[in-house]
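S.K.: One structure follows; several queries about it will come next.
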Amino acid sequence: MNAAFPSIPQALRVPDARLYLDMCEWKVPAGFPSPAADHTRKRIDLNEHLIRNQEATYVFRVQGDSMTGIGIYEGDELLVDRSIDARHGHIVLAVLNNEFTVKRLYRRGGVVKLLAENPHYPPIVLKEGQELLIWGVVTHNLHKLL
Amino acid sequence: MNRPQQQLALVDCNNFYVSCERVFRPDLARVPLVVLSNNDGCVVSRSNEAKALGIRMGQPWFECKALAQTHGIVAMSSNYALYADMSNRVMRILGDFSPRQEVYSIDECFVDLSGVPRLHELSHALRERVGQWTGIPVCVGIGPTKTLAKLANHVAKKHPRSQGVFNFNALSEDQKTRLLQRIPVEEVWGVGRQRAARLQAHHIRTVQDLKAAHAPTLRAEFGVVMEKVQRELQALPCLSLQEITPARQQIIASRSFGQHVTALPVLQDALSTFVANACAKLRAQHSQAAVLQVFLQTDRFRQDLPQYMPSLAVPLPHPTDDSLAINLWASQLCTRLFKPGYQYRKAGIVLSEISPVTQQQGDLLTPRPAGNARLMQALDTLNQRFGRGTVKVSTQGAYPDWQMRQAHKSPNYTTAWAEIPCTRSETPVR
């Protein structure tokens with residue numbers, strides 16, 4: 001980034017913020033074309049693979065251990081896509097008692113539940129008249145191994 | 001004129017700043033909520049609940065404090081980084097619905113839906129998509145001109161029965177007349193309260209009165225812009241963006257180019273002229289801007305050419321009236337928006353979140369190297385006022401957020417990795 005713009009607010013999902021954009025640019029000696037010249041490609045851009053809808057994707061940080069059973073741990077970052085319609089079995093970001101929570105959505109036979117992936121957390125069954133807001137669908141978990 | 005009638009949609013975000021805050025604060029969904037201007041001075045955005053309690057737009061916050069205490073009104077400081085990012089998302093989503101898009105402000109945009117089949121369904125789909133993808137509620141007003149689209153938007157906002165979409169073009173001539181008779185003239189863009197009072201002296205009270213007024217008299221008394229407004233009400237498109245006085249304070253500087261422009265430096269050069277003009281206006285009224293928006297447009301009348309009408313908004317690091325600083329940002333944004341291979345026909349900038357320059361802040365907010373005597377003096381003043389240690393000298397030479405008083409600013413949920421929102425777990429049963 002240009003040093004003159006230290007704090008240009010770069011949205012987390014902005015596609016311009018390519019992780020890698022390098023093309024092979026080595027010089028080709030006359031007479032001997034580089035064997036790699038035909039294979040010049042852009043490096044993998046993680047944004048392209050992790051985010052399917054830039055405008056509808058947001059990042060959340062996990063607090064708590066209710067989803068450790070499927071490898072979502074405290075401090076992990078979740079990619080949440082609001083453009084996906086939540087279906088039975090999806091991992092969703094829900095609003096419960098005015099707070100954000102990650103759970104697996106259960107929706108079968110008129111029963112709606114939020115299931116934790118940790119035996120210490122009982123299923124949350126939605127009662128008549130109780131409102132459940134699905135904020136978005138979790139598409140990826142960014143879990144650090146180092 | 002045999003050109004088919006334009007279907008011009010004005011999409012306007014409802015209570016935009018308040019809505020942005022609510023996306024990440026579900027607990028505030030039904031609470032009366034306001035967002036305050038720079039330094040937490042005045043109310044710049046109100047939830048419907050706050051409006052119902054009688055909080056006025058632009059009202060100084062200290063005046064509202066008693067009411068706020070009684071009714072539990074929550075006030076947030078402005079978070080322009082958040083608003084700019086949410087605005088960019090909304091605008092890009094709208095851009096998918098038509099290649100002909102004109103961003104009018106951080107929360108309003110014209111989308112040309114002429115020739116689109118099933119306009120009614122599409123307008124609702126547009127509204128739902130923005131709502132689902134961003135959480136921001138919007139209203140859609142459709143008309144044959146910008147002025148009538150804006151009025152239609154006003155109707156969509158005011159009348160719940162419209163469900164957020166109102167199409168002026170779909171009315172019969174009779175219905176149009178009756179509708180315009182019911183709307184006071186000051187609701188028309190470019191009229192405003194002062195001119196409305198003068199118009200009333202000429203017995204022009206409703207929009208219909210203005211539409212039917214004697215054109216030469218109107219021009220003689222109120223000038224050429226008012227005549228253009230009248231023609232727009234008569235469904236003849238003739239206003240450019242700058243000619244319309246915006247509802248919220250902002251300065252637009254833009255122009256169509258004499259010929260198609262394909263090179264980035266030419267665009268940047270044009271933008272620097274717009275910046276110079278806009279900043280001159282800004283300084284003439286002793287104000288500063290906190291948000292900059294840049295837009296580029298290809299030639300919408302050349303449908304044989306590829307169309308691209310991007311825009312991008314950023315919060316300035318601190319409110320400023322400095323042409324050089326704003327120009328650097330405009331040029332940087334232009335670089336980000338620019339894509340080669342398009343023939344650009346128009347470009348422009350929008351300065352918004354305009355506030356008066358106050359003496360101490362004016363010095364403090366100008367980015368100058370540390371060691372500046374006046375900066376130090378201002379720093380001392382701040383420390384005296386808010387307690388020792390409130391403001392420290394940063395050795396990194398960065399300019400942190402302390403310049404502005406933002407006691408209740410939300411995190412930068414979408415633009416800072418350290419500030420993304422968190423989920424919670426309930427209490428485990430062990």
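Convention: chains lettered A, B, ... in structure tokens order; per-chain residue numbering from 1; ligands numbered from 1 as shown.
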Would you give me, as a VMD selection string, the residues of chain B that come within 10 Å of chain A, using only C-alpha atoms?
M.R.: chain B and resid 23 to 29 80 to 82 84 to 86 88 to 93 129 to 135 313 to 317 328 to 329 332 to 333 336 to 337 398 to 400 412 to 430
S.K.: Can you pull out the residues contacting B:Pro137? Cut-off 12 Å, using only C-alpha atoms, and skip same-chain residues under 2 positions away; I want them as a ChimeraX atom specification.
M.R.: /B:11-20,22-23,47,86-87,90,107,124,126-135,139-140,157,163-165
S.K.: Please save C-alpha atoms of the selected residues as a short mmCIF file (atom, residue, chain, number, x, y, z; two decimals), in the first residue's frame.
M.R.:
```cif
data_model
loop_
_atom_site.label_atom_id
_atom_site.label_comp_id
_atom_site.auth_asym_id
_atom_site.auth_seq_id
_atom_site.Cartn_x
_atom_site.Cartn_y
_atom_site.Cartn_z
CA VAL B 11 -33.03 4.05 -4.19
CA ASP B 12 -32.64 5.63 -0.78
CA CYS B 13 -31.43 3.88 2.37
CA ASN B 14 -33.76 4.38 5.34
CA ASN B 15 -32.15 6.17 8.29
CA PHE B 16 -28.83 5.04 6.84
CA TYR B 17 -26.35 5.57 9.70
CA VAL B 18 -28.76 4.22 12.28
CA SER B 19 -29.47 1.22 10.05
CA CYS B 20 -25.72 0.52 9.65
CA ARG B 22 -28.22 -1.84 13.88
CA VAL B 23 -26.85 -4.44 11.47
CA SER B 47 -34.43 5.74 13.97
CA MET B 86 -21.90 -0.46 3.92
CA SER B 87 -22.63 2.21 1.31
CA VAL B 90 -25.29 -1.30 -1.27
CA ASP B 107 -27.09 6.59 0.88
CA HIS B 124 -39.24 -5.45 -4.79
CA LEU B 126 -33.94 -5.16 -5.51
CA ARG B 127 -35.19 -3.99 -2.16
CA GLU B 128 -35.16 -7.48 -0.72
CA ARG B 129 -31.69 -8.25 -2.03
CA VAL B 130 -30.16 -5.14 -0.48
CA GLY B 131 -31.96 -5.98 2.75
CA GLN B 132 -30.81 -9.56 2.81
CA TRP B 133 -27.21 -8.98 1.75
CA THR B 134 -26.51 -5.92 3.87
CA GLY B 135 -29.29 -5.61 6.44
CA CYS B 139 -37.06 2.49 -0.42
CA VAL B 140 -37.47 2.68 -4.17
CA LYS B 157 -41.13 6.14 2.63
CA GLN B 163 -44.11 -1.64 1.04
CA GLY B 164 -41.12 0.45 0.16
CA VAL B 165 -41.71 0.74 -3.58
#
```
S.K.: Point out the residue among B:Leu218, B:Ala253, B:Ala75, B:Ile106 with the least atom-to-atom distance to B:Leu312, counting only C-alpha atoms.
M.R.: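 Closest to B:Leu312, using only C-alpha atoms: B:Ile106.
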S.K.: Please indicate the distance in Å from atom CA of B:Cys334 to atom CA of B:Leu271, rounded to one decimal place.
M.R.: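 That distance, rounded to one decimal, is 8.3 Å.
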S.K.: Just want the 7 Å neighbourhood of A:Ile124, counted on only C-alpha atoms, with same-chain residues fewer than 3 positions away dropped. Output as a PyMOL selection string.
M.R.: chain A and resi 113-115
S.K.: Take the selection from the previous step and output its residues with C-alpha atoms, as a CSV table (one decimal), in the first residue's frame.
M.R.:
```csv
chain,number,residue,atom,x,y,z
A,113,LYS,CA,-33.9,-25.8,16.8
A,114,LEU,CA,-30.4,-24.4,17.2
A,115,LEU,CA,-27.9,-27.2,17.9
```
S.K.: Please, what distance in Å, to one decimal, runs between atom CA of B:Phe62 and atom CA of B:Leu36?
M.R.: 10.9 Å
S.K.: Taking the DSSP assignment computed from this structure's backbone, write out as an MDAnalysis selection string all residues of stretch 22-124 of chain A that belong to strand (DSSP E).
M.R.: chainID A and resid 57:61 77:81 91:96 99:108 111:115 124
S.K.: Selection from above, C-alpha atoms, as a PDB file, in the first residue's frame, can you write it?
M.R.:
```pdb
ATOM      1  CA  THR A  57     -19.825 -11.546   3.222  1.00  0.00           C
ATOM      2  CA  TYR A  58     -18.821 -10.436   6.710  1.00  0.00           C
ATOM      3  CA  VAL A  59     -16.278 -11.727   9.217  1.00  0.00           C
ATOM      4  CA  PHE A  60     -17.088 -12.670  12.811  1.00  0.00           C
ATOM      5  CA  ARG A  61     -14.832 -13.802  15.636  1.00  0.00           C
ATOM      6  CA  GLU A  77     -12.778 -16.211  12.399  1.00  0.00           C
ATOM      7  CA  LEU A  78     -15.938 -17.128  10.522  1.00  0.00           C
ATOM      8  CA  LEU A  79     -16.917 -16.019   7.046  1.00  0.00           C
ATOM      9  CA  VAL A  80     -20.626 -15.309   7.084  1.00  0.00           C
ATOM     10  CA  ASP A  81     -22.600 -14.932   3.856  1.00  0.00           C
ATOM     11  CA  ILE A  91     -24.049 -23.670  10.312  1.00  0.00           C
ATOM     12  CA  VAL A  92     -25.656 -20.303  10.890  1.00  0.00           C
ATOM     13  CA  LEU A  93     -24.993 -17.057  12.641  1.00  0.00           C
ATOM     14  CA  ALA A  94     -28.204 -16.504  14.568  1.00  0.00           C
ATOM     15  CA  VAL A  95     -29.424 -13.729  16.787  1.00  0.00           C
ATOM     16  CA  LEU A  96     -30.662 -15.106  20.075  1.00  0.00           C
ATOM     17  CA  GLU A  99     -26.706 -11.613  20.766  1.00  0.00           C
ATOM     18  CA  PHE A 100     -24.884 -13.289  17.908  1.00  0.00           C
ATOM     19  CA  THR A 101     -24.427 -17.016  18.258  1.00  0.00           C
ATOM     20  CA  VAL A 102     -23.090 -19.776  15.933  1.00  0.00           C
ATOM     21  CA  LYS A 103     -25.117 -22.963  15.835  1.00  0.00           C
ATOM     22  CA  ARG A 104     -26.254 -25.688  13.496  1.00  0.00           C
ATOM     23  CA  LEU A 105     -29.734 -25.011  12.191  1.00  0.00           C
ATOM     24  CA  TYR A 106     -32.289 -27.787  12.636  1.00  0.00           C
ATOM     25  CA  ARG A 107     -35.500 -27.293  10.694  1.00  0.00           C
ATOM     26  CA  ARG A 108     -37.640 -30.358  10.202  1.00  0.00           C
ATOM     27  CA  VAL A 111     -39.626 -27.810  14.519  1.00  0.00           C
ATOM     28  CA  VAL A 112     -36.866 -25.234  14.564  1.00  0.00           C
ATOM     29  CA  LYS A 113     -33.855 -25.796  16.801  1.00  0.00           C
ATOM     30  CA  LEU A 114     -30.370 -24.424  17.185  1.00  0.00           C
ATOM     31  CA  LEU A 115     -27.931 -27.215  17.894  1.00  0.00           C
ATOM     32  CA  ILE A 124     -32.223 -24.558  21.862  1.00  0.00           C
TER      33      ILE A 124
END
```
S.K.: So which one's closest to B:Gly54, B:Cys42, B:Val294, B:Met76, B:Ala68? Using only C-alpha atoms, please.
M.R.: B:Ala68
S.K.: So which residues touch B:Leu210 within 10 Å, counting only C-alpha atoms, skipping near sequence neighbours fewer than 6 positions away, as a list in words?
M.R.: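 That gives Leu180, Gln181, Pro184, Val185, Val188, Leu199, Gln200, His202, His203, Ile204, Leu218, Met226, Glu227, Val229, Gln230, Arg231, Leu233 and Gln234 of chain B.
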S.K.: Expressed in Å to a single decimal, how great is the separation between atom CA of B:Lys176 and atom CA of B:Ser162?
M.R.: 15.5 Å
